[in-house]
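Undergrad: Questions regarding the structure given below will be posed in turn.
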Amino acid sequence: MIIAIANQKGGVGKTTTAINLAAAFARLGKRVLLLDLDPQANSSISFLDPLSIERSAYELMTDGLAPVEQTVYRTPVENLDIVPARINLAKLEAKLVGDFDAPFRLKDRLAPFREQYPVIVIDTPPTLGLITVNALVAATHVLVPIQSSYFALEGTDDLLETIEKVRARPNPSLELLGVLVTLHDKRTTLAREVHEQIKKVFGPKLFETVITKSVRLEESPAYKEAIFSFAPNSSGAIEYGNLCDEVMSRV
Ligand SMILES: Nc1ncnc2c1ncn2[C@@H]1O[C@H](COP(=O)(O)OP(=O)(O)OP(=O)(O)O)[C@@H](O)[C@H]1O
Ligand SMILES: [Mg+2]
């Protein structure tokens with residue numbers, strides 16, 4: 001299963017969800033590959049020293065001759081490996097422009113990993129450009145985090161349209177795995193109202209699990225840890241564990 005975490009809106013919890021969902025699967029003993037496709041490299045820096053990164057997602061997608069394994073790094077989390085990103089990924093679009101296979105690069109290059117890693121989680125940048133399209137073409141499933149705040153649903157039409165376009169042609173088997181409410185503040189009426197509205201729009205596609213606001217989730221990347229070792233009893237650890245269960249029950 002290849003899960004792309006996507007929403008072109010910035011700061012909605014894509015990276016936090018990618019790293020902790022990946023870690024939740026790894027905790028169950030599955031071999032997991034986290035693929036960072038965001039030039040900001042937030043997922044990568046959550047687990048690796050940026051200076052230790054040589055070959056990365058850019059090289060994976062552009063250098064046809066190099067062995068793909070050279071882009072894989074161990075993380076401090078058992079069973080969790082990562083293909084990190086570096087800022088050079090921002091050049092990808094310019095590099096691939098005009099290539100007939102540009103949207104399929106990732107799918108082709110990930111193929112050798114699929115047997116080794118039953119779960120691959122892709123963190124995407126806050127755009128609907130070529131990088132995100134590559135993720136959607138390679139993925140079997142897409143998970144959409146939505147922050148429960150005012151304007152939460154702004155832009156989701158464009159995202160759903162992009163998903164439909166990818167399903168129409170390059171990847172008909174792509175499934176919307178679900179929509180996840182993130183950064184939820186239960187105390188505010190607005191957040192509760194927005195949650196109700198998201199429920200109405202997405203119905204059964206909305207995950208029952210809600211990720212509430214938690215300082216622990218914000219802190220853990222600074223210690224190169226996922227939430228399960230950093231704060232095992234925190235709301236974030238429980239909620240991302242529940243999300244993993246819910247994902248497994250849906251696939
Ligand atoms: N449940 C949460 N509770 C508290 N802070 C959170 C939570 N989820 C995410 N954050 C924080 O909110 C910020 C944005 O989250 P994150 O980086 O995961 O979003 P993103 O969608 O990946 O952003 P971008 O679009 O820039 O890649 C980060 O500082 C992160 O630590
Ligand atoms: Mg991010």
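Scheme for the structure tokens: letters A, B, ... for chains in order shown; per-chain residue numbers from 1; ligand numbers from 1 in order shown.
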Per DSSP on the backbone, what are the strand (DSSP E or B) residues of segment 25-235 of chain A, as a PyMOL selection string?
TA: chain A and resi 32-36+73-74+80-83+119-123+141-147+175-184+206-212
Undergrad: Show me which residues are within 6 Å of ligand 1 counting only C-alpha atoms and all ligand atoms, and format the list as a PyMOL selection string.
TA: chain A and resi 9-16+125-126+182-183+211-215+217-218
Undergrad: Which residues form the shell of 12 Å around ligand 2 when you count only C-alpha atoms and all ligand atoms, given as a compact mmCIF listing (two decimals) with N, CA and C atoms, in the first residue's frame?
TA:
# COMPACT_ATOMS: atom_id res chain seq x y z
N ILE A 5 -0.03 11.55 1.41
CA ILE A 5 -0.69 12.49 2.31
C ILE A 5 -0.72 13.82 1.57
N ALA A 6 -1.91 14.30 1.20
CA ALA A 6 -1.93 15.47 0.33
C ALA A 6 -3.00 16.49 0.71
N ASN A 7 -2.61 17.73 0.63
CA ASN A 7 -3.52 18.89 0.69
C ASN A 7 -2.65 20.08 0.31
N GLN A 8 -3.05 20.80 -0.72
CA GLN A 8 -2.19 21.90 -1.18
C GLN A 8 -2.21 23.08 -0.23
N LYS A 9 -3.11 23.04 0.76
CA LYS A 9 -3.11 24.07 1.79
C LYS A 9 -1.91 23.83 2.71
N GLY A 10 -1.22 24.89 3.07
CA GLY A 10 -0.04 24.74 3.91
C GLY A 10 -0.38 24.60 5.39
N GLY A 11 0.45 23.91 6.11
CA GLY A 11 0.34 23.86 7.57
C GLY A 11 -0.88 23.16 8.12
N VAL A 12 -1.39 22.15 7.39
CA VAL A 12 -2.60 21.47 7.87
C VAL A 12 -2.29 20.14 8.58
N GLY A 13 -1.00 19.84 8.74
CA GLY A 13 -0.66 18.60 9.45
C GLY A 13 -0.28 17.45 8.54
N LYS A 14 0.10 17.73 7.29
CA LYS A 14 0.53 16.66 6.38
C LYS A 14 1.76 15.95 6.93
N THR A 15 2.79 16.75 7.24
CA THR A 15 4.05 16.15 7.67
C THR A 15 3.88 15.43 9.00
N THR A 16 3.18 16.05 9.94
CA THR A 16 2.96 15.43 11.25
C THR A 16 2.23 14.10 11.08
N THR A 17 1.27 14.07 10.15
CA THR A 17 0.53 12.84 9.89
C THR A 17 1.41 11.81 9.19
N ALA A 18 2.20 12.26 8.23
CA ALA A 18 3.07 11.31 7.49
C ALA A 18 4.05 10.63 8.44
N ILE A 19 4.72 11.41 9.28
CA ILE A 19 5.76 10.79 10.12
C ILE A 19 5.14 9.90 11.20
N LEU A 35 8.56 8.56 2.39
CA LEU A 35 9.18 9.25 1.26
C LEU A 35 8.84 10.72 1.37
N ASP A 36 9.86 11.55 1.51
CA ASP A 36 9.64 12.98 1.67
C ASP A 36 9.71 13.65 0.30
N LEU A 37 8.59 14.15 -0.17
CA LEU A 37 8.57 14.81 -1.48
C LEU A 37 8.41 16.32 -1.35
N ASP A 38 8.69 16.86 -0.17
CA ASP A 38 8.56 18.30 0.01
C ASP A 38 9.96 18.92 0.09
N PRO A 39 10.29 19.87 -0.82
CA PRO A 39 11.61 20.50 -0.76
C PRO A 39 11.90 21.17 0.59
N GLN A 40 10.87 21.49 1.36
CA GLN A 40 11.11 22.03 2.71
C GLN A 40 11.74 20.98 3.63
N ALA A 41 11.59 19.70 3.26
CA ALA A 41 12.25 18.58 3.94
C ALA A 41 11.89 18.44 5.41
N ASN A 42 10.69 18.83 5.79
CA ASN A 42 10.33 18.74 7.21
C ASN A 42 10.29 17.30 7.73
N SER A 43 9.79 16.39 6.94
CA SER A 43 9.77 14.97 7.38
C SER A 43 11.19 14.46 7.57
N SER A 44 12.06 14.81 6.62
CA SER A 44 13.44 14.33 6.68
C SER A 44 14.13 14.83 7.93
N ILE A 45 13.96 16.11 8.20
CA ILE A 45 14.66 16.72 9.33
C ILE A 45 14.07 16.23 10.65
N SER A 46 12.85 15.69 10.60
CA SER A 46 12.26 15.11 11.81
C SER A 46 13.01 13.87 12.27
N ALA A 85 14.21 14.35 1.50
CA ALA A 85 14.21 15.40 0.49
C ALA A 85 15.30 16.40 0.83
N ILE A 122 3.91 8.76 1.67
CA ILE A 122 4.52 9.89 0.95
C ILE A 122 4.04 11.22 1.52
N ASP A 123 4.97 12.03 1.98
CA ASP A 123 4.64 13.40 2.41
C ASP A 123 4.79 14.30 1.19
N THR A 124 3.78 15.14 0.93
CA THR A 124 3.82 15.99 -0.26
C THR A 124 3.88 17.47 0.12
N PRO A 125 4.30 18.31 -0.82
CA PRO A 125 4.41 19.75 -0.54
C PRO A 125 3.03 20.42 -0.67
N PRO A 126 2.89 21.63 -0.17
CA PRO A 126 1.60 22.33 -0.27
C PRO A 126 1.36 22.95 -1.64
N THR A 127 1.37 22.11 -2.67
CA THR A 127 1.06 22.57 -4.03
C THR A 127 0.36 21.42 -4.75
N PRO A 145 -5.46 15.45 5.05
CA PRO A 145 -5.64 16.10 6.35
C PRO A 145 -6.28 17.48 6.16
Undergrad: Per residue of segment 96-123 of chain A within 12 Å of segment 160-171 of chain A, which atom pair is closest and at what distance in Å (one decimal), using only C-alpha atoms, listed by chain and increasing number, as JSON lines?
TA:
{"residue": "A:Asp101", "atom": "CA", "partner": "A:Pro170", "partner_atom": "CA", "distance": 10.8}
{"residue": "A:Ala102", "atom": "CA", "partner": "A:Pro170", "partner_atom": "CA", "distance": 11.6}
{"residue": "A:Pro103", "atom": "CA", "partner": "A:Pro170", "partner_atom": "CA", "distance": 8.5}
{"residue": "A:Phe104", "atom": "CA", "partner": "A:Pro170", "partner_atom": "CA", "distance": 8.3}
{"residue": "A:Lys107", "atom": "CA", "partner": "A:Asn171", "partner_atom": "CA", "distance": 10.1}
Undergrad: Store the residues of this selection in a file with N, CA and C atoms, as a CSV table (one decimal), in the first residue's frame.
TA:
chain,number,residue,atom,x,y,z
A,101,ASP,N,7.3,11.2,-19.7
A,101,ASP,CA,7.0,10.3,-18.6
A,101,ASP,C,7.1,11.1,-17.2
A,102,ALA,N,7.1,12.4,-17.3
A,102,ALA,CA,7.3,13.2,-16.1
A,102,ALA,C,6.4,12.8,-14.9
A,103,PRO,N,5.1,12.6,-15.1
A,103,PRO,CA,4.2,12.3,-14.0
A,103,PRO,C,4.4,10.9,-13.5
A,104,PHE,N,5.1,10.0,-14.3
A,104,PHE,CA,5.2,8.6,-13.9
A,104,PHE,C,6.6,8.3,-13.3
A,107,LYS,N,6.4,6.6,-9.8
A,107,LYS,CA,5.8,5.3,-9.8
A,107,LYS,C,6.8,4.3,-10.3
Undergrad: Can you pull out the residues contacting segment 92-98 of chain A? Cut-off 9 Å, using only C-alpha atoms, and skip same-chain residues under 4 positions away; I want them as number ranges by chain.
TA: A: 58, 61-62, 88, 102-103, 129-131
Undergrad: In terms of the shortest atom-to-atom distance over only C-alpha atoms, which of A:Val144, A:Leu60, A:Ala23, A:Val77 is closest to Ala111 of chain A?
TA: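 Among the listed residues, the smallest separation from Ala111 of chain A belongs to A:Leu60.
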Undergrad: Please measure the separation of atom CA of Val251 of chain A and atom CA of Glu225 of chain A, giving the value in Å to one decimal.
TA: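 Spanning atom CA of Val251 of chain A to atom CA of Glu225 of chain A is a straight-line distance of 27.0 Å.
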Undergrad: Which neighbours of segment 67-72 of chain A fall inside 7 Å, counting only C-alpha atoms, when residues of the same chain fewer than 5 positions from it are skipped, and could you give them as a list in words?
TA: Arg55, Ser56, Ala57, Leu60, Asp81, Ile82 and Val83 of chain A
Undergrad: Where does DSSP see alpha helix (DSSP H) in segment 45-138 of chain A, if you list the residues as a ChimeraX atom specification?
TA: /A:45-47,57-62,92-96,105-110,130-138
Undergrad: Grab the residues selected above and save them as a JSON list (two decimals), in the first residue's frame with N, CA and C atoms.
TA:
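Final file, result.json:
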[["chain", "number", "residue", "atom", "x", "y", "z"],
["A", 45, "ILE", "N", 13.96, 16.11, 8.20],
["A", 45, "ILE", "CA", 14.66, 16.72, 9.33],
["A", 45, "ILE", "C", 14.07, 16.23, 10.65],
["A", 46, "SER", "N", 12.85, 15.69, 10.60],
["A", 46, "SER", "CA", 12.26, 15.11, 11.81],
["A", 46, "SER", "C", 13.01, 13.87, 12.27],
["A", 47, "PHE", "N", 13.77, 13.24, 11.36],
["A", 47, "PHE", "CA", 14.46, 11.99, 11.74],
["A", 47, "PHE", "C", 15.96, 12.02, 11.46],
["A", 57, "ALA", "N", 15.28, 12.32, -2.64],
["A", 57, "ALA", "CA", 14.16, 12.10, -3.56],
["A", 57, "ALA", "C", 14.43, 12.67, -4.95],
["A", 58, "TYR", "N", 15.14, 13.77, -5.03],
["A", 58, "TYR", "CA", 15.47, 14.37, -6.33],
["A", 58, "TYR", "C", 16.29, 13.40, -7.17],
["A", 59, "GLU", "N", 17.32, 12.83, -6.55],
["A", 59, "GLU", "CA", 18.16, 11.88, -7.27],
["A", 59, "GLU", "C", 17.35, 10.63, -7.64],
["A", 60, "LEU", "N", 16.47, 10.22, -6.71],
["A", 60, "LEU", "CA", 15.62, 9.05, -7.00],
["A", 60, "LEU", "C", 14.83, 9.27, -8.28],
["A", 61, "MET", "N", 14.32, 10.49, -8.44],
["A", 61, "MET", "CA", 13.40, 10.73, -9.55],
["A", 61, "MET", "C", 14.08, 11.22, -10.83],
["A", 62, "THR", "N", 15.36, 11.58, -10.76],
["A", 62, "THR", "CA", 16.00, 12.13, -11.96],
["A", 62, "THR", "C", 17.16, 11.28, -12.47],
["A", 92, "LEU", "N", 12.86, 20.08, -9.45],
["A", 92, "LEU", "CA", 12.38, 18.90, -10.18],
["A", 92, "LEU", "C", 11.51, 19.27, -11.38],
["A", 93, "GLU", "N", 10.60, 20.20, -11.15],
["A", 93, "GLU", "CA", 9.65, 20.56, -12.19],
["A", 93, "GLU", "C", 10.39, 21.07, -13.43],
["A", 94, "ALA", "N", 11.37, 21.95, -13.20],
["A", 94, "ALA", "CA", 12.14, 22.50, -14.31],
["A", 94, "ALA", "C", 12.93, 21.40, -15.01],
["A", 95, "LYS", "N", 13.43, 20.47, -14.23],
["A", 95, "LYS", "CA", 14.25, 19.38, -14.77],
["A", 95, "LYS", "C", 13.42, 18.45, -15.67],
["A", 96, "LEU", "N", 12.18, 18.19, -15.25],
["A", 96, "LEU", "CA", 11.38, 17.19, -15.97],
["A", 96, "LEU", "C", 10.49, 17.79, -17.05],
["A", 105, "ARG", "N", 7.43, 9.31, -13.14],
["A", 105, "ARG", "CA", 8.79, 9.06, -12.64],
["A", 105, "ARG", "C", 8.79, 8.32, -11.31],
["A", 106, "LEU", "N", 7.99, 8.82, -10.37],
["A", 106, "LEU", "CA", 8.01, 8.23, -9.03],
["A", 106, "LEU", "C", 7.48, 6.80, -9.06],
["A", 107, "LYS", "N", 6.38, 6.61, -9.76],
["A", 107, "LYS", "CA", 5.79, 5.27, -9.85],
["A", 107, "LYS", "C", 6.84, 4.27, -10.34],
["A", 108, "ASP", "N", 7.54, 4.64, -11.41],
["A", 108, "ASP", "CA", 8.55, 3.74, -11.97],
["A", 108, "ASP", "C", 9.68, 3.48, -10.98],
["A", 109, "ARG", "N", 10.13, 4.54, -10.34],
["A", 109, "ARG", "CA", 11.30, 4.40, -9.48],
["A", 109, "ARG", "C", 10.96, 3.74, -8.14],
["A", 110, "LEU", "N", 9.70, 3.76, -7.75],
["A", 110, "LEU", "CA", 9.30, 3.12, -6.49],
["A", 110, "LEU", "C", 9.07, 1.63, -6.65],
["A", 130, "LEU", "N", 3.69, 19.26, -10.19],
["A", 130, "LEU", "CA", 4.17, 17.98, -10.69],
["A", 130, "LEU", "C", 4.59, 17.01, -9.58],
["A", 131, "ILE", "N", 5.11, 17.54, -8.47],
["A", 131, "ILE", "CA", 5.56, 16.64, -7.39],
["A", 131, "ILE", "C", 4.36, 15.92, -6.78],
["A", 132, "THR", "N", 3.31, 16.67, -6.48],
["A", 132, "THR", "CA", 2.13, 16.06, -5.89],
["A", 132, "THR", "C", 1.46, 15.11, -6.88],
["A", 133, "VAL", "N", 1.46, 15.50, -8.15],
["A", 133, "VAL", "CA", 0.88, 14.62, -9.17],
["A", 133, "VAL", "C", 1.66, 13.30, -9.24],
["A", 134, "ASN", "N", 3.00, 13.38, -9.18],
["A", 134, "ASN", "CA", 3.79, 12.15, -9.15],
["A", 134, "ASN", "C", 3.41, 11.27, -7.97],
["A", 135, "ALA", "N", 3.16, 11.89, -6.81],
["A", 135, "ALA", "CA", 2.77, 11.13, -5.62],
["A", 135, "ALA", "C", 1.42, 10.45, -5.85],
["A", 136, "LEU", "N", 0.47, 11.18, -6.45],
["A", 136, "LEU", "CA", -0.87, 10.62, -6.66],
["A", 136, "LEU", "C", -0.85, 9.53, -7.74],
["A", 137, "VAL", "N", 0.04, 9.65, -8.71],
["A", 137, "VAL", "CA", 0.13, 8.63, -9.75],
["A", 137, "VAL", "C", 0.76, 7.35, -9.18],
["A", 138, "ALA", "N", 1.71, 7.52, -8.24],
["A", 138, "ALA", "CA", 2.39, 6.35, -7.67],
["A", 138, "ALA", "C", 1.56, 5.68, -6.58]]
Undergrad: Check the smallest atom-to-atom distance from each of A:Leu48, A:Leu33, A:Leu177, A:Leu190 to His141 of chain A using only C-alpha atoms, then report the winner.
TA: A:Leu177
Undergrad: Need the shell around Lys199 of chain A: protein/DNA/RNA residues with any atom at most 12 Å away, counting only C-alpha atoms. Skip same-chain ones fewer than 2 positions apart. Format as a PyMOL selection string?
TA: chain A and resi 146+148+153+178-181+192-197+201-208+210
